[in-house]
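Encoded as structure tokens, the structure appears first; notes follow it.
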Protein chains: 2
Amino acid sequence: MNDEATGPGRRRTTEQRAAVTLADVARVAGVSEITVSRILRNTGPISERTRARVMAAVEQVGYVPNRIAGTLASATSNLMGVIIPSLSNIVFPEVLQGIHAALATSGFQPVVGVTDYNLDVEERLVRALLAWKPSAMIIAGFDHTETTRRILQQSRTRIAELMDIDAVPIDIAVGLSHRSAGYDTGRYLIGRGYRRFGYVGHDWNADRRARRRWDGLCAALGDAGLALVDQALFDGPSSTQAGRAMCDTLLRRTPSLDVVVFSNDDMAVGGVFHCYGRGLVPKRDVALFGFNGLDIGQALPVPLSTVRSKRYQIGKIAVETILQHPERQSGPIIIDTGYEILEGGTA
Amino acid sequence: MNDEATGPGRRRTTEQRAAVTLADVARVAGVSEITVSRILRNTGPISERTRARVMAAVEQVGYVPNRIAGTLASATSNLMGVIIPSLSNIVFPEVLQGIHAALATSGFQPVVGVTDYNLDVEERLVRALLAWKPSAMIIAGFDHTETTRRILQQSRTRIAELMDIDAVPIDIAVGLSHRSAGYDTGRYLIGRGYRRFGYVGHDWNADRRARRRWDGLCAALGDAGLALVDQALFDGPSSTQAGRAMCDTLLRRTPSLDVVVFSNDDMAVGGVFHCYGRGLVPKRDVALFGFNGLDIGQALPVPLSTVRSKRYQIGKIAVETILQHPERQSGPIIIDTGYEILEGGTA
DNA sequence: CTGTTAGCGCCTTCAA
DNA sequence: TTGAAGGCGCTAACAG
């Protein structure tokens, strides 16, 4: 060990032995650093003999590559920034699943941030994640501060905004039109003969997409000469419990409704539980309709009538698109993953 | 712009302008790089005048720090590796929530890997994440390959193994004793007068903790001179649908059971739905018991009888422990987050 | 309170 | 098929 502490600069504290580096492997294998580097990255022409020798040395010294140094030197990072608003809403873990599935074979690692639906937190996270020089950023949602948008725009990495295609993205959008999903919900239910519509929702400030579905629903009703008869909004995030309570409130106030549209499946499942608890039969006594097509809704004794959004697909396609085109294109790319109405048995 | 390409080494391709660096900020502000660096990191004594000037320059040139370079230079990374077996089992997103909550104010970023319950994938992920020189690794579970264990042991970072405290950890364990939770489940149900026990489970190879709860349950039954009367195992991951189907199978085959213990709440909720679908009343006709204490179980018309594990706490405490003691201790640390029986209304 | 110097570990470029 | 040199952007250590 040569330890001639040369003037200023780094100097190893006596106790902790240095980490194993490429140089160590090279010394043991009797080759140069760059040769080891090439072998480990499967790059350039290498003779089988040296490859074997080097791999043995790697094993022997227990070398663990340092991607930090590698990234700094090569300016290509293998990290992908991922920002989602929440982990408690099952929808986002499902998007993450799709992201992980598509990333699995690629060697990329996601660095994840959770905003809790707070745009200032989002801005901070965008800065923090960009500092890791990711080769792309995936963000659920289109609502950003002006600064966030500018920073993302200026960073020359790929940006995918997920869940939504109702606005013009910075770079890539993958999702569905929530307005149109809401509109089709209205059309569908009107087509099935329902006329007295109620709505049960949750916090619109946090969940703008729910608001846009509501807009679409109201538009469909309006086009048919109808309107929402009553609605109950919960001031907080969606949950089964909230759906149950709000459904109670709504039906107590306006028992004459013949269908209740919920802001999403979590809320709607709460509505179903409310009915079970009070001896009401969904659809016969009051129709219930959700959004998302979650497993839990389809596993109910009578499957929930709802719209299936494709969360897993959204995450997966976003990553695939990024991997296929690592450089930003001229214009924005918009990918509509669509949705489909699940007839179910509650409406 | 000085562009005197000096011999070998990097040379900028003409088209793309270089990223903004500390040097740019320093030049604009008329100070040295290290001064900018100190200001940005809130380190050392800095006069207010220069700070203001530098911050203005940062704004002006749109500087985005490069943590890659910073980490390489300082050998401290602000990254935390997180490895979980799955995102589709709601339990793990809940652990992630706790991790994110505790990390939120710390400036650390999690780099996440998902193993799909595959130990070889886990080994690959451990290598990949260690390459980012994280200051800690959090892994859900205790099952690792020999190599994984060795690599983790040798890396001098903190390692937290979550969910479980039934084995000796490499460094830190945070979780509960699943064997004892299973045992107490048995004791509790025997105490309430149940004698003819059935069990509905899912894939044990993937979910060893479910197996250990089963072991504990059987031990409790054995100690009371009882035994499982019948059981039905689903060959796949747990889900509401699977629980419903297996509950059907079990009760069809052995209608005389007076209580069915499920491998977890997802499965148990399926059991509840099965009862609803066939006009059976939980507890009166057959008692149902789960594990985890998920929201969905507690939101049912009659709340599920179950054991609450504290997933959020587990993630949170793991991170807090790591942040409090950044260096590895001499002996292992074991933190029991406990569990509690939720009486509910189904058993 | 500010600056100089050296180097973190790896990879790009050029040369052999 | 292999190697030498230099530098990626930042920060530790020491000096003023």
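Labeling convention for the structure tokens: chains A, B, ... as they appear, residues from 1 per chain, ligands from 1 in order of appearance.
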
Any chance you could list, as a count of residues only, the residues in segment 86-205 of chain B that come up helix (DSSP H, G or I) when DSSP is run on the backbone?
48

With a cut-off of 7 Å, could you pull out the residues of chain D touching chain A and give me the nearest pair of atoms for each, distance in Å to one decimal, using only C-alpha atoms (C1' of nucleotides), ordered by chain and ascending number, as a tab-separated table?
residue	atom	partner	partner_atom	distance
D:DT1	C1'	A:Ile46	CA	6.1
D:DG3	C1'	A:Ser32	CA	6.8
D:DC8	C1'	A:Ala73	CA	4.7
D:DA12	C1'	A:Arg10	CA	5.8
D:DA13	C1'	A:Pro8	CA	5.3
D:DC14	C1'	A:Pro8	CA	6.1

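Taking only C-alpha atoms (C1' of nucleotides), the non-local environment of segment 115-125 of chain B within 9 Å (same-chain residues fewer than 4 positions away omitted) comprises Ile83, Ile84, Pro85, Ser86, Leu87, Leu129, Leu130, Asp143, His144, Thr145, Thr147, Thr148, Arg149, Ile151, Asn205, Ala206 and Asp207 of chain B.
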
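DSSP on the backbone gives strand (DSSP E or B) for these parts of segment 3-152 of chain A: A:Leu79, A:Met80, A:Gly81, A:Val82, A:Ile83, A:Ile84, A:Gln109, A:Pro110, A:Val111, A:Val112, A:Gly113, A:Val114, A:Ala136, A:Met137, A:Ile138, A:Ile139, A:Ala140.
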
Determine, for each residue of chain A having at least one atom at most 9 Å from an atom of chain B, the closest pair of atoms and their separation in Å to one decimal, counting only C-alpha atoms; order by chain and ascending number, as a tab-separated table.
residue	atom	partner	partner_atom	distance
A:Gly62	CA	B:Ile151	CA	8.6
A:Val64	CA	B:Ala131	CA	6.3
A:Pro65	CA	B:Ala131	CA	5.4
A:Asn66	CA	B:Ala131	CA	4.8
A:Arg67	CA	B:Ala131	CA	5.2
A:Ile68	CA	B:Ile68	CA	5.7
A:Ala69	CA	B:Leu72	CA	6.2
A:Thr71	CA	B:Ile68	CA	7.2
A:Leu72	CA	B:Ala69	CA	6.1
A:Leu79	CA	B:Val111	CA	8.8
A:Ser86	CA	B:Gln97	CA	8.3
A:Leu87	CA	B:Gln97	CA	6.1
A:Ser88	CA	B:Glu94	CA	7.0
A:Ile90	CA	B:Ile90	CA	7.5
A:Pro93	CA	B:Leu87	CA	6.1
A:Glu94	CA	B:Ser88	CA	7.0
A:Leu96	CA	B:Leu87	CA	7.6
A:Gln97	CA	B:Leu87	CA	6.1
A:His100	CA	B:Val114	CA	7.1
A:Ala101	CA	B:Val114	CA	8.9
A:Ala104	CA	B:Val114	CA	8.5
A:Gly107	CA	B:Ala128	CA	8.2
A:Gln109	CA	B:Val111	CA	6.7
A:Pro110	CA	B:Val111	CA	5.8
A:Val111	CA	B:Val111	CA	4.5
A:Val112	CA	B:Pro110	CA	6.0
A:Gly113	CA	B:Gln109	CA	7.3
A:Val114	CA	B:His100	CA	7.1
A:Arg127	CA	B:Val64	CA	7.3
A:Ala128	CA	B:Gly107	CA	8.2
A:Leu129	CA	B:Gln109	CA	8.0
A:Leu130	CA	B:Val64	CA	7.5
A:Ala131	CA	B:Asn66	CA	4.8
A:Trp132	CA	B:Arg67	CA	5.4
A:Lys133	CA	B:Asn66	CA	7.0
A:Ile151	CA	B:Gly62	CA	8.6
A:Ser239	CA	B:Asp295	CA	8.8
A:Thr240	CA	B:Ala299	CA	6.3
A:Gln241	CA	B:Ala299	CA	5.7
A:Arg244	CA	B:Ala299	CA	8.3
A:Gly270	CA	B:Ala299	CA	7.4
A:Phe273	CA	B:Pro301	CA	5.5
A:His274	CA	B:Pro301	CA	6.9
A:Cys275	CA	B:Pro301	CA	8.8
A:Tyr276	CA	B:Pro301	CA	6.6
A:Gly277	CA	B:Pro301	CA	5.1
A:Arg278	CA	B:Pro301	CA	8.8
A:Asp295	CA	B:Thr240	CA	8.0
A:Ile296	CA	B:Thr240	CA	7.0
A:Gln298	CA	B:Gln241	CA	8.7
A:Ala299	CA	B:Gln241	CA	5.7
A:Leu300	CA	B:Phe273	CA	6.1
A:Pro301	CA	B:Gly277	CA	5.1
A:Val302	CA	B:Gly277	CA	7.9

So that each row is one residue of chain C with an atom at most 7 Å from chain A, can you give its shortest atom pair and the distance in Å to one decimal, using only C-alpha atoms (C1' of nucleotides), rows by chain and rising number, as CSV?
residue,atom,partner,partner_atom,distance
C:DT5,C1',A:Pro8,CA,6.3
C:DA6,C1',A:Gly9,CA,4.4
C:DG7,C1',A:Gly9,CA,6.1
C:DG9,C1',A:Ala69,CA,5.0
C:DC10,C1',A:Gly70,CA,4.8
C:DC11,C1',A:Ala73,CA,5.2

Shell around Asp203 of chain B at 9 Å using only C-alpha atoms (C1' of nucleotides), local window under 3 positions removed, as a PyMOL selection string
chain B and resi 206-208+210-211+233-238

Selection export as an mmCIF file, in the first residue's frame, atoms kept: C-alpha atoms:
data_model
loop_
_atom_site.group_PDB
_atom_site.id
_atom_site.type_symbol
_atom_site.label_atom_id
_atom_site.label_comp_id
_atom_site.auth_asym_id
_atom_site.auth_seq_id
_atom_site.Cartn_x
_atom_site.Cartn_y
_atom_site.Cartn_z
ATOM 1 C CA ALA B 206 -42.876 -16.736 -2.295
ATOM 2 C CA ASP B 207 -44.290 -15.605 1.030
ATOM 3 C CA ARG B 208 -42.298 -17.232 3.823
ATOM 4 C CA ALA B 210 -47.298 -16.453 5.745
ATOM 5 C CA ARG B 211 -45.756 -19.848 6.265
ATOM 6 C CA LEU B 233 -53.830 -23.466 -0.643
ATOM 7 C CA PHE B 234 -53.845 -21.300 -3.720
ATOM 8 C CA ASP B 235 -50.845 -21.769 -5.969
ATOM 9 C CA GLY B 236 -50.089 -18.125 -6.648
ATOM 10 C CA PRO B 237 -49.967 -14.722 -5.002
ATOM 11 C CA SER B 238 -52.633 -13.649 -2.560
#

With a distance cut-off of 8 Å and only C-alpha atoms (C1' of nucleotides), select the neighbouring residues of Gly175 of chain B, excluding the residue or stretch itself and same-chain residues fewer than 6 positions from it, and output the selection as a PyMOL selection string.
chain B and resi 162-165+314+335-338

Just write the chosen residues, C-alpha atoms, as a compact mmCIF listing (two decimals), in the first residue's frame.
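Final output, saved to out.txt:
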# COMPACT_ATOMS: atom_id res chain seq x y z
CA LEU B 162 -37.76 -5.38 7.19
CA MET B 163 -41.03 -7.09 8.07
CA ASP B 164 -39.60 -9.84 10.17
CA ILE B 165 -37.66 -10.43 13.36
CA ILE B 314 -41.85 -0.48 9.86
CA ILE B 335 -36.70 -3.56 16.59
CA ASP B 336 -40.00 -5.24 17.30
CA THR B 337 -42.87 -3.12 16.00
CA GLY B 338 -45.38 -5.58 17.40

I'd like the contact shell of segment 183-188 of chain A - 6 Å cut-off, only C-alpha atoms (C1' of nucleotides), skipping same-chain residues fewer than 3 positions apart - returned as a list in words.
Ser180, Gly191, Gly216, Leu217 and Ala220 of chain A

Export of prior selection with C-alpha atoms as a compact mmCIF listing (two decimals), in the first residue's frame:
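Once everything was written out, this is again.txt:
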# COMPACT_ATOMS: atom_id res chain seq x y z
CA SER A 180 -63.96 12.12 -22.36
CA GLY A 191 -78.39 5.00 -22.46
CA GLY A 216 -67.29 15.45 -18.79
CA LEU A 217 -70.12 13.82 -16.90
CA ALA A 220 -73.02 14.61 -21.17

Pick the closest to DC10 of chain D from B:Arg252, B:Arg41, B:Arg158, B:Arg27: which is it, counting only C-alpha atoms (C1' of nucleotides)?
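Using only C-alpha atoms (C1' of nucleotides), DC10 of chain D sits closest to B:Arg41.
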
What lies within 10 Å of Arg253 of chain A using only C-alpha atoms (C1' of nucleotides), ignoring chain neighbours under 5 positions off, as a list of chain:residue names?
A:Asp230, A:Gln231, A:Ala232, A:Cys247, A:Asp248

Produce a file of the selected residues containing C-alpha atoms, as a CSV table (one decimal), in the first residue's frame.
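Saved the output as selection_14.csv:
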chain,number,residue,atom,x,y,z
A,230,ASP,CA,-77.3,16.2,-6.0
A,231,GLN,CA,-73.7,15.7,-5.0
A,232,ALA,CA,-71.7,15.1,-1.9
A,247,CYS,CA,-72.9,7.9,-0.1
A,248,ASP,CA,-74.9,7.7,3.2

Atom CA of Val174 of chain B and atom CA of His325 of chain B are how many Å apart?
14.6 Å
